[in-house]
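Down below is the structure, laid out as structure tokens.
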Amino acid sequence: MTGNSDPLSPRAKLAVTAGKAVAAASRAAGRGSGSVIGGKVALKLDPDLLARLAQHLDVVLVSATNGKTTTTRLIAEALGAAGPVVSNALGANMPAGITSALAGGSDARYGVIEVDEKYLAGVARDTDPKCIALLNLSRDQLDRAAETRMLAENWREGLAGSKSVVVANADDPLVVWAASSSPNVIWVAAGQMWKDDAWSCPSCGGVMQRPGDDWFCGECGFRRPTPSWALSGDHVLDPHGSAWPIHLQLPGRANKANAASSAAVAAVFGVPPQVALERMYQVQAVAGRYDVVQFQQRDLRLLLAKNPAGWLETFSLIDPPPTPVILSVNARGADGTDTSWLWDVDYTRLTGHPICVIGDRKLDLAVRLEVANQNFQVCDNLDQAVSMSPHGRIEVIANYTAFQDLRRRVGN
Amino acid sequence: MSDNQLRIVWIYPDLLSTYGDQGNALVIERRARQRGLDVARLDVRSDQAIPTSGDIYLIGGGEDRPQRLAAERLRRDGGLHRAVGNGAIVFSVCAGYQILGHEFINDLGQREPGLGLLDVVSVRGEGARCVGDVLADIDPRLGLPPLTGFENHQGVTHLGPTARPFANVRLGNGNGTGDGTEGAYNDTVFGTYMHGPVLARNPLIADLLLKLALDVNALPPTDDRWYEALRNERIAAAQQPA
């Protein structure tokens, strides 16, 4: 057992205590969980605190454009079979939030940490992870995020020569480009529905060829690596060729992919796929996502989709028509203020569903749906949209801050 | 337009479609069909030849390296020149706009030759990146209502004598030259820095392109209430202090 035999230095202890005190004060003032502000204070007092906290743990980092919060939960659940786990389960995924989460888990053996894509290289340097899981990379928050390809390049540089075992999605060319600088990679065929950020070879700029599930660059030979793990329908195939059934409460293909990657990570720590997958069944809703809540005598399923790749996966998991769909989009700071990504989403997939649009940018959605020749209603708010729908299941799909607004409204 | 089919060609979506650029193609397609036209849309990847028989060509925005690759491949292909020679209409956005000019600065910091279809030269701006909502008055000769869009670029584009400014900004940056101009056009080739996508926020620009391609003065009306509502909201938002 790695254990906590090395005590924290007095300075680190002080920083942890101060961080917790500030977090408590922030909570008392009604300003959220306080984890980020607490972590910021602690890091200011001891800039090496994250490294110090991590050195007592077997660390797993999880990064991606989509699915990192859920996958972090699935891995944490799976590794619970081998020992106590500390995790930033609420999705505070930048250094301050991570520090705060680790400071709260002094008895843990494993640290399962979700990391924002832009901070992966730095957090990997600080925490010396045993394992890094890389799920996917695609366009997100275009007005302020770095270019998607530059993120892949940044990961690639950060991982070059890394001692970590990298568990990476063989079906995402950008992830493969990023991970292949690392000497120790376990490739997982986790699939990826969205392909429009990887038509240009990340290595040479040539045009990618994508026959079926395969992909390769016709010019430089950069190609899909042979995976040792794979998602195959409702099963995970392990490196020995055994197929393990996936039973999740979470819906959709993307979560099965997350489970496959999580099983591969769990195996790195000696947790067999069967045990890992059984434990993953416990995960019900992740920070409110996929939750079904009662509201005005209807069952609202709350689905978060932040970018075109996320919307594509979400459309594939909703109940078929005539299930009503409510769409909510904001363009506040945390969402990205440019709504042009709506035009990368194929809304013709909603044909047959009654649609209501709400949110700060409902008019952008209205024009988008008009051009997609869909039937829709523009509503003032969630209450009105729900009242226009029949009793039963309603699929509610929202981007980041719109999702938070929904949760507040339905008391979730 | 020949044999009663309007051909829309979307150039290099594999390289230049970072900012919802498909939207411009979708809006033109939709508005043409609403007028009863038979429409064929052709998406041309950068390992394919540019067809020369299209009516409207669209070229979108993208990141710096794909922009250079697109310019190299379009120069080598030569099809867009022939299409313009045949009288085709070209509408370009951001990185695509720069490519249509004489030259721009590529991802390696070097001067990259463009296609010379618009009399403009682009350089890299020294100041902060231009990001945000834009409101501008379109050249009155075109008879269009104000331009609303979203810009996100570092480029500065200077107009030569045969390119006319497409619009003059009231709010935002546009060409970034400090003289308030935004975009450029000549008889058949248009360029703008506006994303949005711009035709979704300015459907009458889509109609202008259709009229030019069809060589008609007017089109049957369409129900534009959601476009109008969106325009009003975005124009009001642009006028709010940040």
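We name chains A, B, ... following the order of the structure tokens; residues begin at 1 in each chain, and ligands are numbered from 1 as shown.
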Taking only C-alpha atoms into account, which residues of chain A are within 10 Å of chain B, as a ChimeraX atom specification?
/A:139,142-144,147-150,195-200,205-208,308,337-345,361-373,378
Go ahead and save the residues from that selection, with N, CA and C atoms, as a compact mmCIF listing (two decimals), in the first residue's frame.
# COMPACT_ATOMS: atom_id res chain seq x y z
N ARG A 139 -13.80 20.40 -31.18
CA ARG A 139 -14.02 21.85 -31.05
C ARG A 139 -14.94 22.16 -29.88
N LEU A 142 -15.25 28.13 -29.01
CA LEU A 142 -14.37 28.62 -30.06
C LEU A 142 -13.83 30.03 -29.82
N ASP A 143 -14.55 30.83 -29.05
CA ASP A 143 -14.11 32.22 -28.90
C ASP A 143 -12.92 32.35 -27.97
N ARG A 144 -12.62 31.31 -27.19
CA ARG A 144 -11.52 31.50 -26.25
C ARG A 144 -10.60 30.30 -26.10
N GLU A 147 -6.90 26.40 -30.36
CA GLU A 147 -7.28 25.54 -31.46
C GLU A 147 -7.19 24.08 -31.03
N THR A 148 -8.11 23.27 -31.52
CA THR A 148 -8.16 21.87 -31.11
C THR A 148 -6.85 21.15 -31.42
N ARG A 149 -6.30 21.43 -32.59
CA ARG A 149 -5.05 20.77 -32.96
C ARG A 149 -3.89 21.22 -32.07
N MET A 150 -3.94 22.50 -31.66
CA MET A 150 -2.89 22.99 -30.76
C MET A 150 -2.96 22.32 -29.39
N LYS A 195 -16.52 13.40 -36.37
CA LYS A 195 -15.26 13.21 -37.08
C LYS A 195 -14.72 14.51 -37.67
N ASP A 196 -15.45 15.60 -37.50
CA ASP A 196 -15.13 16.79 -38.30
C ASP A 196 -13.98 17.65 -37.78
N ASP A 197 -13.29 17.20 -36.73
CA ASP A 197 -12.08 17.92 -36.34
C ASP A 197 -10.83 17.17 -36.73
N ALA A 198 -10.99 16.09 -37.44
CA ALA A 198 -9.81 15.28 -37.77
C ALA A 198 -9.84 14.79 -39.20
N TRP A 199 -10.18 15.66 -40.12
CA TRP A 199 -10.07 15.32 -41.53
C TRP A 199 -8.69 15.66 -42.06
N SER A 200 -7.98 16.47 -41.29
CA SER A 200 -6.66 16.90 -41.71
C SER A 200 -5.64 16.20 -40.81
N GLY A 205 -0.75 17.18 -42.19
CA GLY A 205 -1.74 18.04 -42.85
C GLY A 205 -2.41 17.39 -44.05
N GLY A 206 -2.03 16.18 -44.37
CA GLY A 206 -2.67 15.47 -45.49
C GLY A 206 -4.14 15.19 -45.18
N VAL A 207 -4.88 14.80 -46.22
CA VAL A 207 -6.29 14.50 -46.01
C VAL A 207 -6.43 13.08 -45.45
N MET A 208 -7.19 12.94 -44.36
CA MET A 208 -7.36 11.64 -43.75
C MET A 208 -8.35 10.81 -44.55
N PRO A 308 -20.57 20.37 -30.59
CA PRO A 308 -21.16 19.50 -31.63
C PRO A 308 -20.97 18.01 -31.36
N THR A 337 -18.91 32.54 -26.07
CA THR A 337 -19.91 33.54 -26.46
C THR A 337 -20.25 33.47 -27.95
N ASP A 338 -19.60 32.60 -28.69
CA ASP A 338 -19.86 32.42 -30.12
C ASP A 338 -20.81 31.23 -30.29
N THR A 339 -21.96 31.45 -30.90
CA THR A 339 -22.93 30.36 -31.06
C THR A 339 -22.83 29.68 -32.43
N SER A 340 -21.81 29.98 -33.20
CA SER A 340 -21.77 29.43 -34.56
C SER A 340 -21.71 27.90 -34.57
N TRP A 341 -21.26 27.29 -33.48
CA TRP A 341 -21.19 25.83 -33.41
C TRP A 341 -22.56 25.17 -33.60
N LEU A 342 -23.64 25.91 -33.33
CA LEU A 342 -24.98 25.32 -33.53
C LEU A 342 -25.14 24.82 -34.96
N TRP A 343 -24.40 25.43 -35.89
CA TRP A 343 -24.54 25.07 -37.30
C TRP A 343 -23.72 23.83 -37.65
N ASP A 344 -22.90 23.36 -36.71
CA ASP A 344 -22.20 22.09 -36.90
C ASP A 344 -23.02 20.91 -36.38
N VAL A 345 -24.13 21.21 -35.70
CA VAL A 345 -24.97 20.16 -35.15
C VAL A 345 -26.06 19.84 -36.16
N ARG A 361 -30.16 32.07 -25.77
CA ARG A 361 -29.97 32.16 -27.22
C ARG A 361 -31.00 31.33 -27.97
N LYS A 362 -32.24 31.37 -27.48
CA LYS A 362 -33.30 30.58 -28.12
C LYS A 362 -33.55 31.04 -29.55
N LEU A 363 -33.28 32.31 -29.85
CA LEU A 363 -33.52 32.78 -31.22
C LEU A 363 -32.48 32.23 -32.20
N ASP A 364 -31.24 32.05 -31.72
CA ASP A 364 -30.25 31.37 -32.57
C ASP A 364 -30.72 29.96 -32.89
N LEU A 365 -31.27 29.28 -31.85
CA LEU A 365 -31.80 27.93 -32.07
C LEU A 365 -32.99 27.96 -33.02
N ALA A 366 -33.84 29.00 -32.89
CA ALA A 366 -35.03 29.08 -33.74
C ALA A 366 -34.61 29.17 -35.22
N VAL A 367 -33.66 30.04 -35.53
CA VAL A 367 -33.21 30.16 -36.92
C VAL A 367 -32.55 28.86 -37.38
N ARG A 368 -31.76 28.27 -36.48
CA ARG A 368 -31.09 27.02 -36.84
C ARG A 368 -32.12 25.94 -37.21
N LEU A 369 -33.18 25.84 -36.39
CA LEU A 369 -34.20 24.81 -36.62
C LEU A 369 -35.07 25.15 -37.84
N GLU A 370 -35.29 26.44 -38.08
CA GLU A 370 -36.05 26.86 -39.25
C GLU A 370 -35.31 26.40 -40.51
N VAL A 371 -34.00 26.64 -40.53
CA VAL A 371 -33.21 26.26 -41.70
C VAL A 371 -33.14 24.73 -41.84
N ALA A 372 -33.20 24.03 -40.69
CA ALA A 372 -33.20 22.55 -40.74
C ALA A 372 -34.60 22.00 -41.02
N ASN A 373 -35.57 22.92 -41.25
CA ASN A 373 -36.93 22.53 -41.60
C ASN A 373 -37.59 21.67 -40.52
N VAL A 378 -40.95 28.46 -29.78
CA VAL A 378 -40.04 29.26 -28.96
C VAL A 378 -40.76 29.60 -27.66
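Neighbouring residues of Pro221 in chain B at 12 Å or closer, counting only C-alpha atoms and skipping chain neighbours under 6 positions away, are Arg31, Ala32, Gln34, Arg35, Gly36, Pro203, Leu204 and Asp207 of chain B.
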Based on the selection just made, write N, CA and C atoms of those residues as a CSV table (one decimal), in the first residue's frame.
chain,number,residue,atom,x,y,z
B,31,ARG,N,-33.1,28.7,-48.6
B,31,ARG,CA,-33.8,29.9,-49.2
B,31,ARG,C,-34.0,29.7,-50.7
B,32,ALA,N,-33.1,28.9,-51.3
B,32,ALA,CA,-33.3,28.6,-52.7
B,32,ALA,C,-34.4,27.6,-52.9
B,34,GLN,N,-36.9,27.2,-50.8
B,34,GLN,CA,-38.2,27.9,-50.5
B,34,GLN,C,-38.7,28.7,-51.7
B,35,ARG,N,-37.8,29.0,-52.7
B,35,ARG,CA,-38.2,29.7,-53.9
B,35,ARG,C,-38.4,28.7,-55.0
B,36,GLY,N,-38.5,27.5,-54.7
B,36,GLY,CA,-38.9,26.4,-55.6
B,36,GLY,C,-37.7,26.0,-56.6
B,203,PRO,N,-30.0,37.1,-43.8
B,203,PRO,CA,-30.5,36.3,-44.9
B,203,PRO,C,-30.6,37.0,-46.2
B,204,LEU,N,-30.7,38.4,-46.1
B,204,LEU,CA,-30.8,39.1,-47.4
B,204,LEU,C,-29.5,39.1,-48.1
B,207,ASP,N,-29.9,36.1,-50.1
B,207,ASP,CA,-30.7,36.4,-51.3
B,207,ASP,C,-30.0,37.2,-52.3
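One distance worth recording is that between CA of Ser182 in chain A and CA of Phe222 in chain A, which is 15.5 Å.
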Per DSSP on the backbone, what are the strand (DSSP E) residues of range 42-217 of chain B, as an NGL selection string?
:B and (42-44 or 56-59 or 89-93 or 103-105 or 111-113 or 120-124 or 130-138 or 147-153 or 155-159 or 164-171 or 181-185 or 189-192)
In Å, how far is it from CA of Ala179 in chain A to CA of Glu157 in chain A?
9.4 Å
Shell of 10 Å around Gly105 in chain A, only C-alpha atoms, local chain residues under 2 positions omitted, as a ChimeraX atom specification
/A:53,57,84-87,100-103,107-111
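The neighbours of Asp55 in chain B here are the residues that come within 9 Å of it, using only C-alpha atoms and leaving out any residue fewer than 5 positions away in the same chain; they are Met1, Ser2, Leu6, Arg7, Ile8, Val9, Ala83, Gly87, Ala88, Ile89, Val90, Leu210, Ala213 and Leu214 of chain B.
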Quick one: write out the picked residues with C-alpha atoms as a CSV table (one decimal), in the first residue's frame?
chain,number,residue,atom,x,y,z
B,1,MET,CA,-27.3,28.7,-63.9
B,2,SER,CA,-27.7,25.9,-66.4
B,6,LEU,CA,-28.6,25.8,-58.7
B,7,ARG,CA,-25.2,24.4,-57.8
B,8,ILE,CA,-23.7,25.4,-54.5
B,9,VAL,CA,-20.1,24.4,-53.9
B,83,ALA,CA,-15.3,29.2,-62.1
B,87,GLY,CA,-19.2,34.1,-63.9
B,88,ALA,CA,-19.7,32.2,-60.7
B,89,ILE,CA,-20.4,34.0,-57.4
B,90,VAL,CA,-17.9,33.5,-54.5
B,210,LEU,CA,-29.0,34.1,-55.2
B,213,ALA,CA,-26.3,33.8,-59.5
B,214,LEU,CA,-29.8,33.6,-61.0
Glu395 in chain A: which residues within 8 Å, counting only C-alpha atoms, same-chain residues fewer than 3 positions away excluded, as a PyMOL selection string?
chain A and resi 300-303+318-319+323-326
Atoms to include: N, CA and C atoms. Write the selected residues as a PDB file, in the first residue's frame.
ATOM      1  N   LEU A 300     -38.596  14.655 -16.593  1.00  0.00           N
ATOM      2  CA  LEU A 300     -37.598  15.357 -17.403  1.00  0.00           C
ATOM      3  C   LEU A 300     -36.255  14.643 -17.278  1.00  0.00           C
ATOM      4  N   ARG A 301     -35.682  14.248 -18.404  1.00  0.00           N
ATOM      5  CA  ARG A 301     -34.317  13.719 -18.351  1.00  0.00           C
ATOM      6  C   ARG A 301     -33.361  14.846 -18.734  1.00  0.00           C
ATOM      7  N   LEU A 302     -32.427  15.140 -17.838  1.00  0.00           N
ATOM      8  CA  LEU A 302     -31.534  16.288 -18.022  1.00  0.00           C
ATOM      9  C   LEU A 302     -30.250  15.837 -18.703  1.00  0.00           C
ATOM     10  N   LEU A 303     -29.998  16.359 -19.884  1.00  0.00           N
ATOM     11  CA  LEU A 303     -28.837  15.941 -20.684  1.00  0.00           C
ATOM     12  C   LEU A 303     -27.964  17.155 -20.983  1.00  0.00           C
ATOM     13  N   ILE A 318     -31.432   9.666 -27.061  1.00  0.00           N
ATOM     14  CA  ILE A 318     -32.769  10.060 -26.608  1.00  0.00           C
ATOM     15  C   ILE A 318     -33.830   9.086 -27.106  1.00  0.00           C
ATOM     16  N   ASP A 319     -34.952   9.070 -26.390  1.00  0.00           N
ATOM     17  CA  ASP A 319     -36.067   8.209 -26.789  1.00  0.00           C
ATOM     18  C   ASP A 319     -36.582   8.655 -28.159  1.00  0.00           C
ATOM     19  N   THR A 323     -41.417  11.472 -28.507  1.00  0.00           N
ATOM     20  CA  THR A 323     -40.965  12.041 -27.233  1.00  0.00           C
ATOM     21  C   THR A 323     -40.608  13.511 -27.429  1.00  0.00           C
ATOM     22  N   PRO A 324     -41.180  14.398 -26.620  1.00  0.00           N
ATOM     23  CA  PRO A 324     -40.848  15.824 -26.783  1.00  0.00           C
ATOM     24  C   PRO A 324     -39.412  16.122 -26.360  1.00  0.00           C
ATOM     25  N   VAL A 325     -38.849  17.118 -27.015  1.00  0.00           N
ATOM     26  CA  VAL A 325     -37.477  17.530 -26.722  1.00  0.00           C
ATOM     27  C   VAL A 325     -37.479  19.027 -26.424  1.00  0.00           C
ATOM     28  N   ILE A 326     -36.820  19.395 -25.343  1.00  0.00           N
ATOM     29  CA  ILE A 326     -36.622  20.819 -25.038  1.00  0.00           C
ATOM     30  C   ILE A 326     -35.124  21.108 -25.197  1.00  0.00           C
TER      31      ILE A 326
END
Write out as a PyMOL selection string each polymer residue whose atoms come within 7 Å of range 237-252 of chain A, counting only C-alpha atoms; drop sequence neighbours fewer than 2 positions from it.
chain A and resi 228-232+234-235+254-256+274+277+280-281+283-285+290+317
Could you write those residues out with N, CA and C atoms, as a tab-separated table (two decimals), in the first residue's frame?
chain	number	residue	atom	x	y	z
A	228	SER	N	-5.80	-2.69	-27.96
A	228	SER	CA	-5.80	-3.92	-27.16
A	228	SER	C	-7.11	-4.07	-26.40
A	229	TRP	N	-7.82	-2.97	-26.20
A	229	TRP	CA	-9.16	-3.02	-25.61
A	229	TRP	C	-10.13	-2.45	-26.63
A	230	ALA	N	-11.38	-2.87	-26.55
A	230	ALA	CA	-12.36	-2.32	-27.48
A	230	ALA	C	-13.76	-2.31	-26.89
A	231	LEU	N	-14.51	-1.30	-27.29
A	231	LEU	CA	-15.95	-1.32	-27.05
A	231	LEU	C	-16.58	-2.02	-28.24
A	232	SER	N	-17.39	-3.04	-27.96
A	232	SER	CA	-18.06	-3.75	-29.05
A	232	SER	C	-19.52	-3.89	-28.65
A	234	ASP	N	-22.50	-3.80	-26.61
A	234	ASP	CA	-22.71	-3.67	-25.17
A	234	ASP	C	-21.63	-4.37	-24.35
A	235	HIS	N	-20.49	-4.64	-25.00
A	235	HIS	CA	-19.44	-5.37	-24.30
A	235	HIS	C	-18.10	-4.65	-24.40
A	254	ALA	N	-21.81	6.83	-25.79
A	254	ALA	CA	-20.63	7.52	-25.27
A	254	ALA	C	-20.28	7.03	-23.87
A	255	ASN	N	-21.31	6.71	-23.06
A	255	ASN	CA	-21.00	6.22	-21.71
A	255	ASN	C	-20.48	4.79	-21.73
A	256	LYS	N	-20.91	4.01	-22.71
A	256	LYS	CA	-20.30	2.68	-22.86
A	256	LYS	C	-18.82	2.83	-23.22
A	274	GLN	N	-14.36	-7.45	-14.93
A	274	GLN	CA	-15.66	-7.84	-14.41
A	274	GLN	C	-16.00	-7.07	-13.14
A	277	LEU	N	-16.49	-3.26	-14.01
A	277	LEU	CA	-17.75	-2.96	-14.68
A	277	LEU	C	-18.94	-3.11	-13.74
A	280	MET	N	-19.19	-0.05	-11.72
A	280	MET	CA	-19.62	1.14	-12.48
A	280	MET	C	-21.14	1.24	-12.55
A	281	TYR	N	-21.81	0.10	-12.36
A	281	TYR	CA	-23.27	0.14	-12.41
A	281	TYR	C	-23.83	1.08	-11.35
A	283	VAL	N	-23.03	3.98	-10.62
A	283	VAL	CA	-23.06	5.40	-10.98
A	283	VAL	C	-24.39	5.71	-11.67
A	284	GLN	N	-25.12	6.65	-11.09
A	284	GLN	CA	-26.48	6.89	-11.54
A	284	GLN	C	-26.55	8.18	-12.34
A	285	ALA	N	-26.22	9.26	-11.71
A	285	ALA	CA	-26.20	10.56	-12.39
A	285	ALA	C	-24.91	11.23	-11.95
A	290	TYR	N	-27.92	13.28	-16.84
A	290	TYR	CA	-28.69	12.05	-17.07
A	290	TYR	C	-29.76	11.82	-16.01
A	317	LEU	N	-28.96	8.99	-28.07
A	317	LEU	CA	-29.43	8.25	-26.91
A	317	LEU	C	-30.85	8.61	-26.49
Per-residue DSSP, range 208-363 of chain A, filtered to helix (DSSP H, G or I), as a PyMOL selection string
chain A and resi 253-268+273-280+308-315+333-335+340-344+347-350+362-363
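In this structure, CA of Gly85 in chain B sits 23.5 Å away from CA of Ser122 in chain B.
Closest approach to Ile105 in chain B among B:Ala218, B:Leu147, B:Ala128, B:Val156: B:Val156, based on only C-alpha atoms.
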Spatial neighbours of Gly176 in chain B, max dist 9 Å, only C-alpha atoms, sep filter under 6 positions, as a PyMOL selection string:
chain B and resi 125+130+154-158+182
